[in-house]
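Source file: coords_0.pdb. Holds: PDB, C-alpha atoms.
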ATOM      1  CA  GLN A   1     -10.462  15.821  -0.105
ATOM      2  CA  VAL A   2     -11.548  13.118   2.259
ATOM      3  CA  GLN A   3      -9.386  12.476   5.306
ATOM      4  CA  LEU A   4      -8.744   8.924   6.432
ATOM      5  CA  VAL A   5      -7.576   7.565   9.780
ATOM      6  CA  GLU A   6      -6.607   3.921  10.230
ATOM      7  CA  SER A   7      -6.601   1.947  13.461
ATOM      8  CA  GLY A   8      -6.425  -1.638  14.645
ATOM      9  CA  GLY A   9      -2.887  -2.618  13.750
ATOM     10  CA  GLY A  10      -0.673  -4.502  16.145
ATOM     11  CA  SER A  11       1.526  -7.520  16.707
ATOM     12  CA  VAL A  12       0.190 -11.050  16.449
ATOM     13  CA  GLN A  13       1.544 -14.546  16.030
ATOM     14  CA  ALA A  14       1.201 -16.432  12.776
ATOM     15  CA  GLY A  15      -2.288 -17.844  12.415
ATOM     16  CA  GLY A  16      -3.830 -15.000  14.366
ATOM     17  CA  SER A  17      -6.323 -12.352  13.323
ATOM     18  CA  LEU A  18      -6.601  -8.589  13.280
ATOM     19  CA  ARG A  19      -9.311  -6.190  12.182
ATOM     20  CA  LEU A  20      -8.272  -2.873  10.718
ATOM     21  CA  SER A  21     -10.616   0.107  10.620
ATOM     22  CA  CYS A  22     -10.493   3.280   8.565
ATOM     23  CA  ALA A  23     -12.626   6.263   9.537
ATOM     24  CA  ALA A  24     -13.410   8.725   6.745
ATOM     25  CA  SER A  25     -14.137  12.397   7.313
ATOM     26  CA  ASP A  26     -16.877  12.459   4.678
ATOM     27  CA  ASP A  27     -19.422  10.184   3.057
ATOM     28  CA  THR A  28     -17.543   7.959   0.606
ATOM     29  CA  SER A  29     -20.395   5.582  -0.184
ATOM     30  CA  SER A  30     -21.250   6.894  -3.641
ATOM     31  CA  ASN A  31     -18.183   8.803  -4.785
ATOM     32  CA  TYR A  32     -15.119   6.690  -4.092
ATOM     33  CA  CYS A  33     -13.543   3.323  -4.443
ATOM     34  CA  MET A  34     -12.164   2.333  -1.040
ATOM     35  CA  GLY A  35      -9.096   0.208  -0.724
ATOM     36  CA  TRP A  36      -6.423  -1.202   1.521
ATOM     37  CA  PHE A  37      -2.786  -1.185   0.516
ATOM     38  CA  ARG A  38       0.347  -2.320   2.314
ATOM     39  CA  GLN A  39       4.034  -1.623   2.155
ATOM     40  CA  ALA A  40       6.740  -3.757   3.699
ATOM     41  CA  PRO A  41      10.269  -2.430   4.258
ATOM     42  CA  ALA A  42      12.241  -2.167   1.007
ATOM     43  CA  LYS A  43       9.202  -3.213  -1.030
ATOM     44  CA  GLU A  44       6.773  -1.401  -3.287
ATOM     45  CA  ARG A  45       3.334  -0.478  -2.019
ATOM     46  CA  GLU A  46       0.844  -3.125  -3.117
ATOM     47  CA  GLY A  47      -2.908  -3.345  -3.279
ATOM     48  CA  VAL A  48      -4.542  -5.706  -0.812
ATOM     49  CA  ALA A  49      -8.292  -5.297  -1.244
ATOM     50  CA  VAL A  50     -10.823  -2.938  -2.757
ATOM     51  CA  ILE A  51     -14.558  -2.350  -2.478
ATOM     52  CA  ASP A  52     -16.718  -0.387  -4.887
ATOM     53  CA  THR A  53     -19.858   1.660  -4.338
ATOM     54  CA  ASN A  54     -22.070  -1.377  -4.938
ATOM     55  CA  GLY A  55     -20.194  -3.504  -2.424
ATOM     56  CA  GLY A  56     -18.287  -5.449  -5.028
ATOM     57  CA  THR A  57     -14.878  -6.555  -3.785
ATOM     58  CA  GLY A  58     -11.506  -7.548  -5.153
ATOM     59  CA  TYR A  59      -8.422  -9.007  -3.538
ATOM     60  CA  ALA A  60      -4.771  -9.566  -4.183
ATOM     61  CA  ASN A  61      -4.012 -13.243  -4.783
ATOM     62  CA  ALA A  62      -1.786 -13.311  -1.704
ATOM     63  CA  VAL A  63      -4.706 -12.585   0.628
ATOM     64  CA  LYS A  64      -7.684 -14.240  -1.081
ATOM     65  CA  GLY A  65      -9.575 -16.466   1.285
ATOM     66  CA  ARG A  66      -7.907 -14.932   4.344
ATOM     67  CA  PHE A  67      -8.790 -11.235   4.245
ATOM     68  CA  THR A  68     -12.225  -9.640   3.935
ATOM     69  CA  ILE A  69     -12.895  -6.005   3.088
ATOM     70  CA  SER A  70     -16.164  -4.417   4.134
ATOM     71  CA  LYS A  71     -17.637  -1.026   4.885
ATOM     72  CA  ASP A  72     -20.303   0.563   7.013
ATOM     73  CA  ASP A  73     -21.603   3.526   5.038
ATOM     74  CA  ALA A  74     -23.640   4.808   7.960
ATOM     75  CA  LYS A  75     -20.427   5.162   9.957
ATOM     76  CA  ASN A  76     -18.196   6.210   7.037
ATOM     77  CA  THR A  77     -15.893   3.377   8.065
ATOM     78  CA  LEU A  78     -13.939   0.826   6.072
ATOM     79  CA  TYR A  79     -12.727  -2.471   7.535
ATOM     80  CA  LEU A  80     -10.227  -5.172   6.746
ATOM     81  CA  GLN A  81     -10.661  -8.453   8.587
ATOM     82  CA  MET A  82      -7.406 -10.372   8.423
ATOM     83  CA  ASN A  83      -7.383 -14.050   9.387
ATOM     84  CA  SER A  84      -4.721 -16.756   9.214
ATOM     85  CA  LEU A  85      -2.038 -14.120   9.261
ATOM     86  CA  LYS A  86       1.422 -15.004   7.997
ATOM     87  CA  PRO A  87       4.804 -13.377   8.673
ATOM     88  CA  GLU A  88       4.804 -12.155   5.063
ATOM     89  CA  ASP A  89       1.729 -10.052   5.867
ATOM     90  CA  THR A  90       3.934  -7.843   8.021
ATOM     91  CA  ALA A  91       3.711  -4.306   6.630
ATOM     92  CA  MET A  92       2.349  -0.832   7.106
ATOM     93  CA  TYR A  93      -1.286  -0.935   6.019
ATOM     94  CA  TYR A  94      -2.899   2.086   4.397
ATOM     95  CA  CYS A  95      -6.494   2.965   3.742
ATOM     96  CA  ALA A  96      -7.208   4.886   0.543
ATOM     97  CA  ALA A  97     -10.086   6.499  -1.336
ATOM     98  CA  GLY A  98      -9.897   6.655  -5.075
ATOM     99  CA  ARG A  99     -11.377   7.061  -8.471
ATOM    100  CA  LEU A 100     -14.478   5.325  -9.706
ATOM    101  CA  PHE A 101     -14.520   4.049 -13.264
ATOM    102  CA  GLY A 102     -17.437   3.588 -15.637
ATOM    103  CA  ASP A 103     -20.491   2.265 -13.822
ATOM    104  CA  GLY A 104     -18.703   2.312 -10.499
ATOM    105  CA  TYR A 105     -15.926  -0.244 -10.647
ATOM    106  CA  CYS A 106     -12.464   0.087  -9.175
ATOM    107  CA  ILE A 107      -8.881  -0.718 -10.088
ATOM    108  CA  LEU A 108      -6.627  -1.815  -7.246
ATOM    109  CA  LEU A 109      -3.585   0.227  -8.215
ATOM    110  CA  SER A 110      -2.192   3.013  -6.068
ATOM    111  CA  GLN A 111      -2.068   5.547  -8.907
ATOM    112  CA  TYR A 112      -5.875   5.594  -8.987
ATOM    113  CA  PHE A 113      -6.197   6.466  -5.290
ATOM    114  CA  GLU A 114      -5.802  10.115  -4.333
ATOM    115  CA  ASN A 115      -6.590  10.167  -0.628
ATOM    116  CA  TRP A 116      -4.475   8.237   1.859
ATOM    117  CA  GLY A 117      -4.369   7.646   5.568
ATOM    118  CA  GLN A 118      -1.203   7.674   7.663
ATOM    119  CA  GLY A 119      -1.078   3.913   7.994
ATOM    120  CA  THR A 120      -1.204   1.353  10.774
ATOM    121  CA  GLN A 121       1.535  -1.202  11.412
ATOM    122  CA  VAL A 122       0.828  -4.920  11.307
ATOM    123  CA  THR A 123       3.537  -7.278  12.531
ATOM    124  CA  VAL A 124       3.150 -11.052  12.339
ATOM    125  CA  SER A 125       5.690 -13.220  14.114
ATOM    126  CA  SER A 126       6.389 -16.865  13.360
TER     127      SER A 126
END

Could you write out this structure as structure tokens?
Amino acid sequence: QVQLVESGGGSVQAGGSLRLSCAASDDTSSNYCMGWFRQAPAKEREGVAVIDTNGGTGYANAVKGRFTISKDDAKNTLYLQMNSLKPEDTAMYYCAAGRLFGDGYCILLSQYFENWGQGTQVTVSS
């Protein structure tokens, strides 16, 4: 199993930016989908963004145009650049590594991700 450690969370005002990082213990470039999920208090965990082994990306509608997922395979590190943050983005953010499908595509649902980090808190104030 790959181990994941998130960093970069914090408190910002609405309209601000944060960049989350996720360091993986092993090379995930060819074997895993990599994704970001979030969970707000009293809410279900939801997918935020995903990136496949070819660099293809997908986003939740709520973050499209504001968040960007990327990875540096040489550093075994996943990123989430979050711009134009809103109070509703407040949540614990989790990095995850999961199953590849077919020719290497991903599905942004938590049941297809087996390896999880401990999370990093993002708080956006109005």

Test item: residues at most 7 Å from A:Cys106, all atoms listed in the file, excluding those fewer than 3 positions along its chain, as an mmCIF file with C-alpha atoms, in the coordinates of the input:
data_model
loop_
_atom_site.group_PDB
_atom_site.id
_atom_site.type_symbol
_atom_site.label_atom_id
_atom_site.label_comp_id
_atom_site.auth_asym_id
_atom_site.auth_seq_id
_atom_site.Cartn_x
_atom_site.Cartn_y
_atom_site.Cartn_z
ATOM 1 C CA CYS A 33 -13.543 3.323 -4.443
ATOM 2 C CA ASP A 52 -16.718 -0.387 -4.887
ATOM 3 C CA LEU A 100 -14.478 5.325 -9.706
ATOM 4 C CA PHE A 101 -14.520 4.049 -13.264
#

- Tell me which of A:Thr120, A:Tyr32, A:Gly16, A:Ile107 sits closest to A:Ala60, counting all atoms listed in the file.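 Looking at the shortest contact to A:Ala60, the residue is A:Ile107.
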
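One finds atom CA of A:Arg45 at 17.7 Å from atom CA of A:Arg99.
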
- Output check: residues returned by the PyMOL selection byres ((chain A and resi 1-11) around 10), as a ChimeraX atom specification: /A:12-14,16-28,32,76-80,90-98,114-125

- Task: Measuring atom to atom with all atoms listed in the file, identify which of A:Pro41, A:Ser110, A:Asn61, A:Gly15 is nearest to A:Ser126.
- Result: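 For A:Ser126, the nearest of the candidates is A:Gly15.
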
- Item | Length of the atom CA of A:Gly35 to atom CA of A:Ala49 vector [Å] | 5.6 Å

- Query: For A:Phe67, which residue out of A:Leu85, A:Ala40, A:Leu109, A:Ile51 is the nearest one, using only C-alpha atoms?
  - Reply: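 Of A:Leu85, A:Ala40, A:Leu109, A:Ile51, the one nearest A:Phe67, counting only C-alpha atoms, is A:Leu85.
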
Can you report as AutoDock Vina command-line options the centre and edge lengths in Å, to one decimal, of an axis-aligned box around the listed atoms of stretch 11-17 of chain A padded with 6 Å on each side?
--center_x -2.4 --center_y -12.7 --center_z 14.6 --size_x 19.9 --size_y 22.3 --size_z 16.3

- Could you state the separation of atom CA of A:Lys64 and atom CA of A:Phe113 in Å, given to one decimal place? 21.2 Å

- Message: Translate the PyMOL selection byres ((chain A and resi 63) around 12) into a concrete residue list for this structure, as a PyMOL selection string.
- Response: chain A and resi 36-38+46-50+58-62+64-69+80-86+88-89

Based on the selection just made, write C-alpha atoms of those residues as an mmCIF file, in the coordinates of the input.
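Contents of the output file result36.cif:
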data_model
loop_
_atom_site.group_PDB
_atom_site.id
_atom_site.type_symbol
_atom_site.label_atom_id
_atom_site.label_comp_id
_atom_site.auth_asym_id
_atom_site.auth_seq_id
_atom_site.Cartn_x
_atom_site.Cartn_y
_atom_site.Cartn_z
ATOM 1 C CA TRP A 36 -6.423 -1.202 1.521
ATOM 2 C CA PHE A 37 -2.786 -1.185 0.516
ATOM 3 C CA ARG A 38 0.347 -2.320 2.314
ATOM 4 C CA GLU A 46 0.844 -3.125 -3.117
ATOM 5 C CA GLY A 47 -2.908 -3.345 -3.279
ATOM 6 C CA VAL A 48 -4.542 -5.706 -0.812
ATOM 7 C CA ALA A 49 -8.292 -5.297 -1.244
ATOM 8 C CA VAL A 50 -10.823 -2.938 -2.757
ATOM 9 C CA GLY A 58 -11.506 -7.548 -5.153
ATOM 10 C CA TYR A 59 -8.422 -9.007 -3.538
ATOM 11 C CA ALA A 60 -4.771 -9.566 -4.183
ATOM 12 C CA ASN A 61 -4.012 -13.243 -4.783
ATOM 13 C CA ALA A 62 -1.786 -13.311 -1.704
ATOM 14 C CA LYS A 64 -7.684 -14.240 -1.081
ATOM 15 C CA GLY A 65 -9.575 -16.466 1.285
ATOM 16 C CA ARG A 66 -7.907 -14.932 4.344
ATOM 17 C CA PHE A 67 -8.790 -11.235 4.245
ATOM 18 C CA THR A 68 -12.225 -9.640 3.935
ATOM 19 C CA ILE A 69 -12.895 -6.005 3.088
ATOM 20 C CA LEU A 80 -10.227 -5.172 6.746
ATOM 21 C CA GLN A 81 -10.661 -8.453 8.587
ATOM 22 C CA MET A 82 -7.406 -10.372 8.423
ATOM 23 C CA ASN A 83 -7.383 -14.050 9.387
ATOM 24 C CA SER A 84 -4.721 -16.756 9.214
ATOM 25 C CA LEU A 85 -2.038 -14.120 9.261
ATOM 26 C CA LYS A 86 1.422 -15.004 7.997
ATOM 27 C CA GLU A 88 4.804 -12.155 5.063
ATOM 28 C CA ASP A 89 1.729 -10.052 5.867
#

- Query: Near A:Asn54, within 9 Å and counting all atoms listed in the file, which residues show up once chain neighbours fewer than 3 positions away are dropped, as a list of chain:residue names?
  - Reply: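 Once the nearby chain positions are removed, what remains is A:Ser29, A:Ser30, A:Ile51, A:Thr57, A:Gly104, A:Tyr105.
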
- Nearest to A:Gly55, chosen from A:Ser70, A:Gly102, A:Lys75, A:Leu108, with all atoms listed in the file counted in the distances: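 Checking each of A:Ser70, A:Gly102, A:Lys75, A:Leu108 against A:Gly55, counting all atoms listed in the file, the winner is A:Ser70.
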